[in-house]
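Asks: Input run35.cif, format and content: mmCIF, C-alpha atoms.
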data_start
#
loop_
_atom_site.group_PDB
_atom_site.id
_atom_site.type_symbol
_atom_site.label_atom_id
_atom_site.label_comp_id
_atom_site.auth_asym_id
_atom_site.auth_seq_id
_atom_site.Cartn_x
_atom_site.Cartn_y
_atom_site.Cartn_z
ATOM 1 C CA MET A 1007 117.211 53.248 94.544
ATOM 2 C CA ARG A 1008 115.805 55.292 97.363
ATOM 3 C CA ASP A 1009 115.692 59.038 97.388
ATOM 4 C CA ASN A 1010 116.008 59.442 101.133
ATOM 5 C CA LYS A 1011 119.721 59.038 101.494
ATOM 6 C CA ILE A 1012 120.478 57.514 104.855
ATOM 7 C CA HIS A 1013 123.566 59.339 106.018
ATOM 8 C CA ASP A 1014 124.000 57.487 109.305
ATOM 9 C CA GLU A 1015 122.509 54.884 111.620
ATOM 10 C CA GLY A 1016 120.339 57.303 113.618
ATOM 11 C CA ASP A 1017 118.015 58.211 110.794
ATOM 12 C CA ALA A 1018 117.551 54.644 109.550
ATOM 13 C CA PHE A 1019 113.808 55.038 110.187
ATOM 14 C CA LEU A 1020 113.736 57.175 107.024
ATOM 15 C CA ASN A 1021 113.986 53.835 105.191
ATOM 16 C CA THR A 1022 110.283 53.438 105.753
ATOM 17 C CA VAL A 1023 109.416 56.753 104.075
ATOM 18 C CA SER A 1024 108.382 56.069 100.502
ATOM 19 C CA SER A 1025 110.488 57.615 97.768
ATOM 20 C CA ALA A 1026 107.258 58.625 95.983
ATOM 21 C CA PHE A 1027 106.355 60.802 98.959
ATOM 22 C CA THR A 1028 109.793 62.453 99.034
ATOM 23 C CA HIS A 1029 109.506 63.063 95.289
ATOM 24 C CA GLU A 1030 106.066 64.594 95.738
ATOM 25 C CA LEU A 1031 107.346 66.823 98.519
ATOM 26 C CA ARG A 1032 110.278 68.067 96.438
ATOM 27 C CA SER A 1033 108.176 68.635 93.357
ATOM 28 C CA LEU A 1034 105.601 70.526 95.456
ATOM 29 C CA VAL A 1035 108.248 72.897 96.818
ATOM 30 C CA THR A 1036 109.875 73.367 93.410
ATOM 31 C CA THR A 1037 106.518 74.126 91.752
ATOM 32 C CA GLU A 1038 105.523 76.508 94.539
ATOM 33 C CA ARG A 1039 108.909 78.223 94.313
ATOM 34 C CA ASP A 1040 108.555 78.717 90.561
ATOM 35 C CA GLU A 1041 105.107 80.221 91.095
ATOM 36 C CA ALA A 1042 106.051 82.466 93.991
ATOM 37 C CA MET A 1043 109.329 83.840 92.625
ATOM 38 C CA MET A 1044 109.430 86.438 89.896
ATOM 39 C CA SER A 1045 111.757 86.050 86.920
ATOM 40 C CA MET A 1046 115.482 86.866 87.013
ATOM 41 C CA PRO A 1047 115.863 86.544 90.779
ATOM 42 C CA THR A 1048 119.648 87.057 90.698
ATOM 43 C CA ASP A 1049 119.329 90.437 88.973
ATOM 44 C CA ARG A 1050 116.709 91.533 91.466
ATOM 45 C CA VAL A 1051 118.869 90.427 94.379
ATOM 46 C CA MET A 1052 121.812 92.421 92.995
ATOM 47 C CA ARG A 1053 119.631 95.518 92.540
ATOM 48 C CA ALA A 1054 118.231 95.156 96.066
ATOM 49 C CA LEU A 1055 121.779 94.778 97.374
ATOM 50 C CA LYS A 1056 122.920 97.975 95.635
ATOM 51 C CA ARG A 1057 119.975 99.835 97.162
ATOM 52 C CA ALA A 1058 120.758 98.394 100.589
ATOM 53 C CA LEU A 1059 124.432 99.385 100.301
ATOM 54 C CA THR A 1060 123.512 103.026 99.750
ATOM 55 C CA TRP A 1061 121.912 103.167 103.198
ATOM 56 C CA LYS A 1062 124.144 104.427 105.945
ATOM 57 C CA LYS A 1063 125.180 101.966 108.621
ATOM 58 C CA GLU A 1064 123.494 104.061 111.319
ATOM 59 C CA GLU A 1065 120.204 103.999 109.367
ATOM 60 C CA VAL A 1066 120.327 100.201 109.110
ATOM 61 C CA TRP A 1067 121.127 99.951 112.832
ATOM 62 C CA PHE A 1068 118.327 102.360 113.720
ATOM 63 C CA ASN A 1069 115.832 100.570 111.440
ATOM 64 C CA ASP A 1070 116.716 97.192 112.959
ATOM 65 C CA LEU A 1071 116.425 98.591 116.469
ATOM 66 C CA PHE A 1072 113.198 100.426 115.688
ATOM 67 C CA SER A 1073 111.535 97.410 114.057
ATOM 68 C CA TRP A 1074 112.623 95.154 116.945
ATOM 69 C CA PHE A 1075 111.277 97.507 119.616
ATOM 70 C CA ARG A 1076 108.318 98.836 117.642
ATOM 71 C CA PRO A 1077 105.615 97.470 119.995
ATOM 72 C CA VAL A 1078 107.516 98.780 123.035
ATOM 73 C CA PHE A 1079 108.093 102.096 121.278
ATOM 74 C CA ALA A 1080 104.373 102.394 120.404
ATOM 75 C CA ALA A 1081 103.314 101.534 123.969
ATOM 76 C CA GLY A 1082 105.819 104.068 125.368
ATOM 77 C CA VAL A 1083 104.568 106.838 123.079
ATOM 78 C CA PHE A 1084 100.979 106.009 124.059
ATOM 79 C CA VAL A 1085 101.791 106.210 127.785
ATOM 80 C CA ILE A 1086 103.618 109.532 127.300
ATOM 81 C CA ILE A 1087 100.642 110.984 125.370
ATOM 82 C CA VAL A 1088 98.161 109.805 128.032
ATOM 83 C CA LEU A 1089 100.327 111.317 130.805
ATOM 84 C CA ALA A 1090 100.657 114.589 128.909
ATOM 85 C CA VAL A 1091 96.880 114.806 128.348
ATOM 86 C CA TYR A 1092 96.254 113.979 132.019
ATOM 87 C CA ASN A 1093 98.683 116.658 133.140
ATOM 88 C CA VAL A 1094 97.206 119.265 130.812
ATOM 89 C CA ARG A 1095 93.700 118.463 132.091
ATOM 90 C CA LEU A 1096 94.876 118.692 135.703
ATOM 91 C CA ALA A 1097 96.638 121.964 135.123
ATOM 92 C CA THR A 1098 93.769 123.579 133.220
ATOM 93 C CA SER A 1099 90.965 122.420 135.490
ATOM 94 C CA SER A 1100 90.008 125.623 137.229
ATOM 95 C CA GLY A 1101 88.572 125.607 140.687
ATOM 96 C CA GLY A 1102 88.016 127.989 143.520
ATOM 97 C CA ASP A 1103 90.381 128.636 146.358
ATOM 98 C CA PHE A 1104 89.350 125.368 148.013
ATOM 99 C CA GLU A 1105 90.133 123.279 144.895
ATOM 100 C CA GLN A 1106 93.186 121.003 145.108
ATOM 101 C CA THR A 1107 96.219 122.013 143.122
ATOM 102 C CA ALA A 1108 97.573 119.695 140.457
ATOM 103 C CA THR A 1109 100.353 118.518 142.813
ATOM 104 C CA GLU A 1110 97.878 117.828 145.594
ATOM 105 C CA LYS A 1111 95.695 115.825 143.209
ATOM 106 C CA VAL A 1112 98.596 113.749 141.958
ATOM 107 C CA LEU A 1113 99.946 113.106 145.471
ATOM 108 C CA GLY A 1114 96.474 112.612 146.961
ATOM 109 C CA LEU A 1115 96.953 115.322 149.605
ATOM 110 C CA PRO A 1116 94.045 117.160 151.212
ATOM 111 C CA PRO A 1117 93.682 120.810 150.147
ATOM 112 C CA ILE A 1118 95.325 123.322 152.453
ATOM 113 C CA THR A 1119 92.842 125.894 153.558
ATOM 114 C CA VAL A 1120 92.765 128.382 156.426
ATOM 115 C CA ALA A 1121 90.418 126.021 158.287
ATOM 116 C CA SER A 1122 92.681 122.994 157.835
ATOM 117 C CA ALA A 1123 95.701 125.001 158.997
ATOM 118 C CA TYR A 1124 93.998 125.404 162.420
ATOM 119 C CA ASP A 1125 92.617 121.846 162.486
ATOM 120 C CA PHE A 1126 94.615 120.088 165.216
ATOM 121 C CA THR A 1127 93.142 116.683 164.390
ATOM 122 C CA LEU A 1128 95.248 116.627 161.231
ATOM 123 C CA ASP A 1129 98.663 115.028 161.691
ATOM 124 C CA ASP A 1130 101.561 117.282 161.049
ATOM 125 C CA HIS A 1131 104.471 115.891 159.097
ATOM 126 C CA HIS A 1132 107.560 115.364 161.193
ATOM 127 C CA MET B 273 131.602 96.909 94.349
ATOM 128 C CA GLY B 274 133.267 96.090 90.989
ATOM 129 C CA GLY B 275 134.996 92.697 91.137
ATOM 130 C CA ASP B 276 133.208 91.950 94.385
ATOM 131 C CA ASP B 277 129.986 92.525 92.495
ATOM 132 C CA ASN B 278 130.753 89.694 90.074
ATOM 133 C CA ALA B 279 131.991 87.395 92.826
ATOM 134 C CA PHE B 280 128.858 87.974 94.851
ATOM 135 C CA ARG B 281 126.661 87.457 91.781
ATOM 136 C CA HIS B 282 128.263 84.023 91.368
ATOM 137 C CA LEU B 283 127.515 83.313 95.007
ATOM 138 C CA VAL B 284 123.869 84.323 94.546
ATOM 139 C CA GLU B 285 123.579 82.114 91.459
ATOM 140 C CA ARG B 286 125.263 79.237 93.294
ATOM 141 C CA PHE B 287 122.891 79.316 96.285
ATOM 142 C CA MET B 288 119.690 80.696 94.734
ATOM 143 C CA ASP B 289 118.125 77.242 94.363
ATOM 144 C CA GLU B 290 118.814 76.149 97.941
ATOM 145 C CA VAL B 291 117.715 79.460 99.446
ATOM 146 C CA SER B 292 114.540 79.845 97.379
ATOM 147 C CA ARG B 293 113.485 76.220 97.945
ATOM 148 C CA THR B 294 114.154 76.422 101.690
ATOM 149 C CA VAL B 295 112.208 79.673 102.033
ATOM 150 C CA THR B 296 109.302 78.326 99.930
ATOM 151 C CA GLY B 297 109.319 75.051 101.858
ATOM 152 C CA MET B 298 108.967 76.971 105.097
ATOM 153 C CA MET B 299 106.497 79.621 103.948
ATOM 154 C CA GLY B 300 104.558 78.096 101.074
ATOM 155 C CA PRO B 301 103.803 79.850 97.764
ATOM 156 C CA VAL B 302 103.250 83.318 99.212
ATOM 157 C CA PRO B 303 104.272 86.678 97.709
ATOM 158 C CA GLU B 304 106.710 87.331 100.580
ATOM 159 C CA VAL B 305 109.008 84.538 99.342
ATOM 160 C CA ASP B 306 110.693 86.875 96.879
ATOM 161 C CA ASP B 307 111.417 89.522 99.517
ATOM 162 C CA VAL B 308 112.688 86.975 102.043
ATOM 163 C CA VAL B 309 115.088 85.497 99.466
ATOM 164 C CA GLN B 310 116.441 88.999 98.758
ATOM 165 C CA GLU B 311 116.839 89.677 102.485
ATOM 166 C CA VAL B 312 118.798 86.439 102.898
ATOM 167 C CA PHE B 313 121.328 87.477 100.263
ATOM 168 C CA ILE B 314 121.586 91.034 101.568
ATOM 169 C CA LYS B 315 122.280 89.629 105.025
ATOM 170 C CA LEU B 316 124.786 87.210 103.520
ATOM 171 C CA HIS B 317 126.612 90.111 101.886
ATOM 172 C CA ARG B 318 126.779 91.971 105.205
ATOM 173 C CA SER B 319 127.901 88.874 107.091
ATOM 174 C CA LEU B 320 130.574 87.663 104.693
ATOM 175 C CA SER B 321 133.224 89.726 106.469
ATOM 176 C CA THR B 322 132.467 87.867 109.711
ATOM 177 C CA TYR B 323 132.341 84.423 108.075
ATOM 178 C CA ARG B 324 135.242 82.441 109.477
ATOM 179 C CA GLY B 325 134.749 79.207 107.606
ATOM 180 C CA GLU B 326 133.847 77.221 110.730
ATOM 181 C CA ALA B 327 130.790 75.885 108.920
ATOM 182 C CA SER B 328 130.499 75.339 105.176
ATOM 183 C CA LEU B 329 129.172 78.303 103.228
ATOM 184 C CA LYS B 330 126.075 76.261 102.335
ATOM 185 C CA THR B 331 125.368 75.678 106.058
ATOM 186 C CA PHE B 332 125.869 79.404 106.678
ATOM 187 C CA VAL B 333 123.492 80.428 103.853
ATOM 188 C CA VAL B 334 120.783 77.845 104.563
ATOM 189 C CA ARG B 335 120.838 78.798 108.259
ATOM 190 C CA MET B 336 120.172 82.406 107.218
ATOM 191 C CA ALA B 337 117.334 81.261 104.931
ATOM 192 C CA ILE B 338 115.704 79.317 107.786
ATOM 193 C CA ASN B 339 116.108 82.217 110.245
ATOM 194 C CA LYS B 340 114.739 84.802 107.809
ATOM 195 C CA SER B 341 111.788 82.498 106.979
ATOM 196 C CA LEU B 342 111.015 82.101 110.678
ATOM 197 C CA ASP B 343 111.191 85.902 111.123
ATOM 198 C CA ALA B 344 108.809 86.374 108.179
ATOM 199 C CA LEU B 345 106.406 83.737 109.503
ATOM 200 C CA ARG B 346 106.351 85.482 112.911
ATOM 201 C CA LYS B 347 105.762 88.821 111.211
ATOM 202 C CA ARG B 348 102.879 87.276 109.240
ATOM 203 C CA LYS B 349 101.337 85.910 112.415
ATOM 204 C CA ARG B 350 101.552 89.344 114.053
ATOM 205 C CA SER B 351 100.098 91.153 111.046
ATOM 206 C CA SER B 352 97.306 88.589 110.605
ATOM 207 C CA TRP B 353 95.834 89.793 113.923
ATOM 208 C CA LEU B 354 95.344 93.211 112.412
ATOM 209 C CA LYS B 355 93.830 92.040 109.139
ATOM 210 C CA PRO B 356 90.132 91.504 108.492
ATOM 211 C CA TRP B 357 88.927 87.919 108.026
ATOM 212 C CA SER B 358 88.775 88.148 104.234
ATOM 213 C CA ASP B 359 92.438 89.169 104.050
ATOM 214 C CA GLN B 360 93.443 86.396 106.449
ATOM 215 C CA GLU B 361 91.857 83.848 104.134
ATOM 216 C CA ALA B 362 93.850 85.293 101.254
ATOM 217 C CA LEU B 363 97.020 85.008 103.343
ATOM 218 C CA SER B 364 96.512 81.355 104.100
ATOM 219 C CA ARG B 365 95.399 80.442 100.605
ATOM 220 C CA PRO B 366 98.073 79.499 98.051
ATOM 221 C CA SER B 367 98.479 82.609 95.957
ATOM 222 C CA ALA B 368 99.582 81.134 92.690
ATOM 223 C CA ASP B 369 97.653 80.981 89.487
ATOM 224 C CA VAL B 370 97.185 77.278 88.922
ATOM 225 C CA SER B 371 94.949 77.393 85.898
ATOM 226 C CA ASP B 372 97.133 75.000 83.871
ATOM 227 C CA PHE B 373 97.031 72.318 86.481
ATOM 228 C CA ASN B 374 94.252 69.818 86.539
ATOM 229 C CA MET B 375 91.997 69.823 89.553
ATOM 230 C CA THR B 376 93.340 66.593 91.023
ATOM 231 C CA SER B 377 96.977 67.621 91.152
ATOM 232 C CA ARG B 378 95.984 71.043 92.457
ATOM 233 C CA GLU B 379 93.914 69.522 95.227
ATOM 234 C CA ARG B 380 96.688 67.076 96.029
ATOM 235 C CA ARG B 381 99.210 69.902 96.266
ATOM 236 C CA ASN B 382 96.907 71.967 98.460
ATOM 237 C CA GLU B 383 96.406 68.955 100.702
ATOM 238 C CA LEU B 384 100.146 68.394 100.994
ATOM 239 C CA ARG B 385 100.818 72.081 101.672
ATOM 240 C CA ARG B 386 98.062 72.218 104.280
ATOM 241 C CA ALA B 387 99.634 69.218 106.032
ATOM 242 C CA ILE B 388 103.087 70.870 105.985
ATOM 243 C CA ASN B 389 101.666 74.139 107.314
ATOM 244 C CA ILE B 390 100.069 72.290 110.227
ATOM 245 C CA LEU B 391 103.540 71.247 111.427
ATOM 246 C CA PRO B 392 105.122 73.452 114.089
ATOM 247 C CA GLU B 393 107.865 75.608 112.591
ATOM 248 C CA ASN B 394 110.704 73.659 114.225
ATOM 249 C CA GLN B 395 109.447 70.333 112.797
ATOM 250 C CA ARG B 396 108.752 71.950 109.418
ATOM 251 C CA ALA B 397 112.335 73.212 109.260
ATOM 252 C CA VAL B 398 113.695 69.708 109.879
ATOM 253 C CA ILE B 399 111.382 68.142 107.267
ATOM 254 C CA VAL B 400 112.335 70.791 104.688
ATOM 255 C CA LEU B 401 116.070 70.454 105.275
ATOM 256 C CA ARG B 402 116.189 66.672 105.634
ATOM 257 C CA LEU B 403 113.611 65.539 103.067
ATOM 258 C CA VAL B 404 113.317 68.383 100.558
ATOM 259 C CA GLU B 405 116.908 69.595 100.538
ATOM 260 C CA ASP B 406 118.320 66.128 101.338
ATOM 261 C CA ILE B 407 120.763 67.566 103.838
ATOM 262 C CA SER B 408 122.216 64.988 106.243
ATOM 263 C CA THR B 409 120.887 64.790 109.801
ATOM 264 C CA GLU B 410 124.239 65.957 111.180
ATOM 265 C CA GLU B 411 124.324 68.943 108.847
ATOM 266 C CA THR B 412 120.687 69.736 109.680
ATOM 267 C CA ALA B 413 121.654 69.779 113.366
ATOM 268 C CA ARG B 414 124.511 72.185 112.577
ATOM 269 C CA ILE B 415 122.266 74.465 110.492
ATOM 270 C CA LEU B 416 119.559 74.653 113.143
ATOM 271 C CA ASP B 417 122.117 74.723 115.956
ATOM 272 C CA ILE B 418 120.366 71.938 117.853
ATOM 273 C CA PRO B 419 121.579 68.506 119.042
ATOM 274 C CA TYR B 420 121.542 65.557 116.649
ATOM 275 C CA GLY B 421 118.970 63.714 118.786
ATOM 276 C CA THR B 422 116.620 66.706 118.651
ATOM 277 C CA VAL B 423 116.704 66.624 114.850
ATOM 278 C CA LEU B 424 115.765 62.948 114.899
ATOM 279 C CA SER B 425 112.907 63.433 117.355
ATOM 280 C CA ARG B 426 111.526 66.429 115.411
ATOM 281 C CA LEU B 427 111.818 64.446 112.183
ATOM 282 C CA LYS B 428 109.930 61.490 113.698
ATOM 283 C CA ARG B 429 107.229 63.699 115.202
ATOM 284 C CA GLY B 430 106.875 65.670 111.969
ATOM 285 C CA LEU B 431 106.535 62.492 109.893
ATOM 286 C CA ASP B 432 103.983 61.112 112.368
ATOM 287 C CA LYS B 433 101.882 64.261 111.996
ATOM 288 C CA LEU B 434 102.124 64.095 108.192
ATOM 289 C CA ARG B 435 101.093 60.423 108.353
ATOM 290 C CA ILE B 436 98.021 61.331 110.413
ATOM 291 C CA GLU B 437 97.103 64.131 107.997
ATOM 292 C CA LEU B 438 97.817 62.379 104.716
ATOM 293 C CA GLY B 439 97.425 58.726 105.562
ATOM 294 C CA ASP B 440 99.950 56.010 106.307
ATOM 295 C CA SER B 441 100.022 54.644 102.763
ATOM 296 C CA VAL B 442 101.086 58.004 101.329
ATOM 297 C CA ILE B 443 104.200 58.316 103.452
ATOM 298 C CA HIS B 444 105.287 54.745 104.055
ATOM 299 C CA ASP B 445 105.797 51.942 101.548
#
Please, can you express the file's structure as C-alpha cells?
Replies:
Amino acid sequence: MRDNKIHDEGDAFLNTVSSAFTHELRSLVTTERDEAMMSMPTDRVMRALKRALTWKKEEVWFNDLFSWFRPVFAAGVFVIIVLAVYNVRLATSSGGDFEQTATEKVLGLPPITVASAYDFTLDDHH
Amino acid sequence: MGGDDNAFRHLVERFMDEVSRTVTGMMGPVPEVDDVVQEVFIKLHRSLSTYRGEASLKTFVVRMAINKSLDALRKRKRSSWLKPWSDQEALSRPSADVSDFNMTSRERRNELRRAINILPENQRAVIVLRLVEDISTEETARILDIPYGTVLSRLKRGLDKLRIELGDSVIHD
C-alpha cells in the first residue's frame, strides 16, 4: 500500500512518487525534530505561556509594533541625530559680521550686508 | 488560568507533534525550532477567543506553525547579513549531534535536507504539508490560503526540483 494517500483526482501525479521517498522524508523530519527540540516540550510551552500572560497587553502591542517597524525606527532615529548634529554645527560655527546666519545657510540665501542692502542689481522680493 | 490551564495543556499535547514536525520541516534541525514551537502555542492561546470554528482547529494551528516558521526564516535571512561568514556557515549547517549515526545515513540526511532547503519557501510549505504531514491537497490549500490549483503547481514544481537535486530514481518508482 502506498503512503502518499491520493485524496482526489487532481493530485493523482503523486502516484508516481515512491513510498520509500515519502518514508525517508518523514523519518528525516522526525529525526531532525527529535534532535532540535529539548525534552518535555509541553511543560516548556506552558511555562512560556505563563510568562507571556504576565506581560501587559500594551507591552505586547508595543513590542509587536516596535519589532515590525524596527528598521524604519532605526533609520528615523539616525536621520534625527544627523539633523541635530548638522543644526548644532551650523549654530555654533562662528563667523564675522559677513558670515551667513544658520537660517541663511539652510535656505541658501545670500548674506545681508550694508553693501548688499544698497545693491540695486539684487532682486527685491515682492 | 486554572481549568483553562489543563484544557490548554491537552491542546498543546494534542498538536505538539504536528506543530513541531511542520516547523522542523520548514526550518530544518536548527536551535530556533524550540522557540518557534513555543511562539505558535502562545499565539494559539491568544487567538483562541477569536477562533470561530470556520476551519478545523488542526488547520488553524498548522497555519500558525507555517506562518511563524516563515517569519523565523525571514528573520534568519535578515540576521545572516549581519553575521560573519563563520557564523553563517554554522547557521546553515545542521546543528545536531549525530555521533550515533553512521556516516552514510548522516550524509544521506544532509543531502535530503540540502535539497529541501533549496526549495523556495512556498514550495517547501506545500511539500511539508502534503508529503510529510499527509494533509490533503484541499486542506493544504485552506491552510496556506491559496487556490487548489496553486497547491498542485507548487507541489509539481517542488517535486521536479527535488528530482533534479536527488535523482529521478530516488523520488519516482
Asks: Report as a PyMOL selection string the residues that result from applying the PyMOL selection byres ((chain A) within 10 of (chain B)) to the structure here.
Replies: chain A and resi 1009-1014+1016-1017+1019-1044+1047-1059
Asks: Give me, please, the distance in Å between atom CA of B:Val308 and atom CA of B:Ala337, quoted to one decimal.
Replies: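 Computed distance, atom CA of B:Val308 to atom CA of B:Ala337, equals 7.9 Å.
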Asks: If you measure from atom CA of B:Leu434 to atom CA of B:Arg335, what distance in Å do you get, rounded to one decimal?
Replies: 23.8 Å
Asks: Rounded to one decimal in Å, what is the spacing between atom CA of B:Ile415 and atom CA of B:Thr331?
Replies: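 So the two atoms, atom CA of B:Ile415 and atom CA of B:Thr331, lie 5.5 Å apart.
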Asks: Using all atoms listed in the file, which of the listed residues (A:Ala1123, A:Ile1087, A:Leu1096, A:Ala1081) sits closest to A:Thr1109?
Replies: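 Selected residue with least distance to A:Thr1109: A:Leu1096.
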Asks: Restricting the calculation to all atoms listed in the file: of B:Ala279, B:Leu342, B:Val334, B:Val291, which residue gets closest to B:Arg414?
Replies: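 Among the listed residues, B:Val334 lies closest to B:Arg414.
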Asks: As JSON, please report the centre and edge lengths, rounded to one decimal in Å, of the axis-aligned box that holds all listed atoms of stretch 1105-1114 of chain A with 3 Å of padding on each of the six sides.
Replies:
{"center_x": 95.2, "center_y": 117.9, "center_z": 143.7, "size_x": 16.2, "size_y": 16.7, "size_z": 12.5}
Asks: Counting all atoms listed in the file, figure out which residue out of A:Arg1095, A:Tyr1124, A:Phe1084, A:Thr1060 gets nearest to A:Lys1111.
Replies: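 Selected residue with least distance to A:Lys1111: A:Arg1095.
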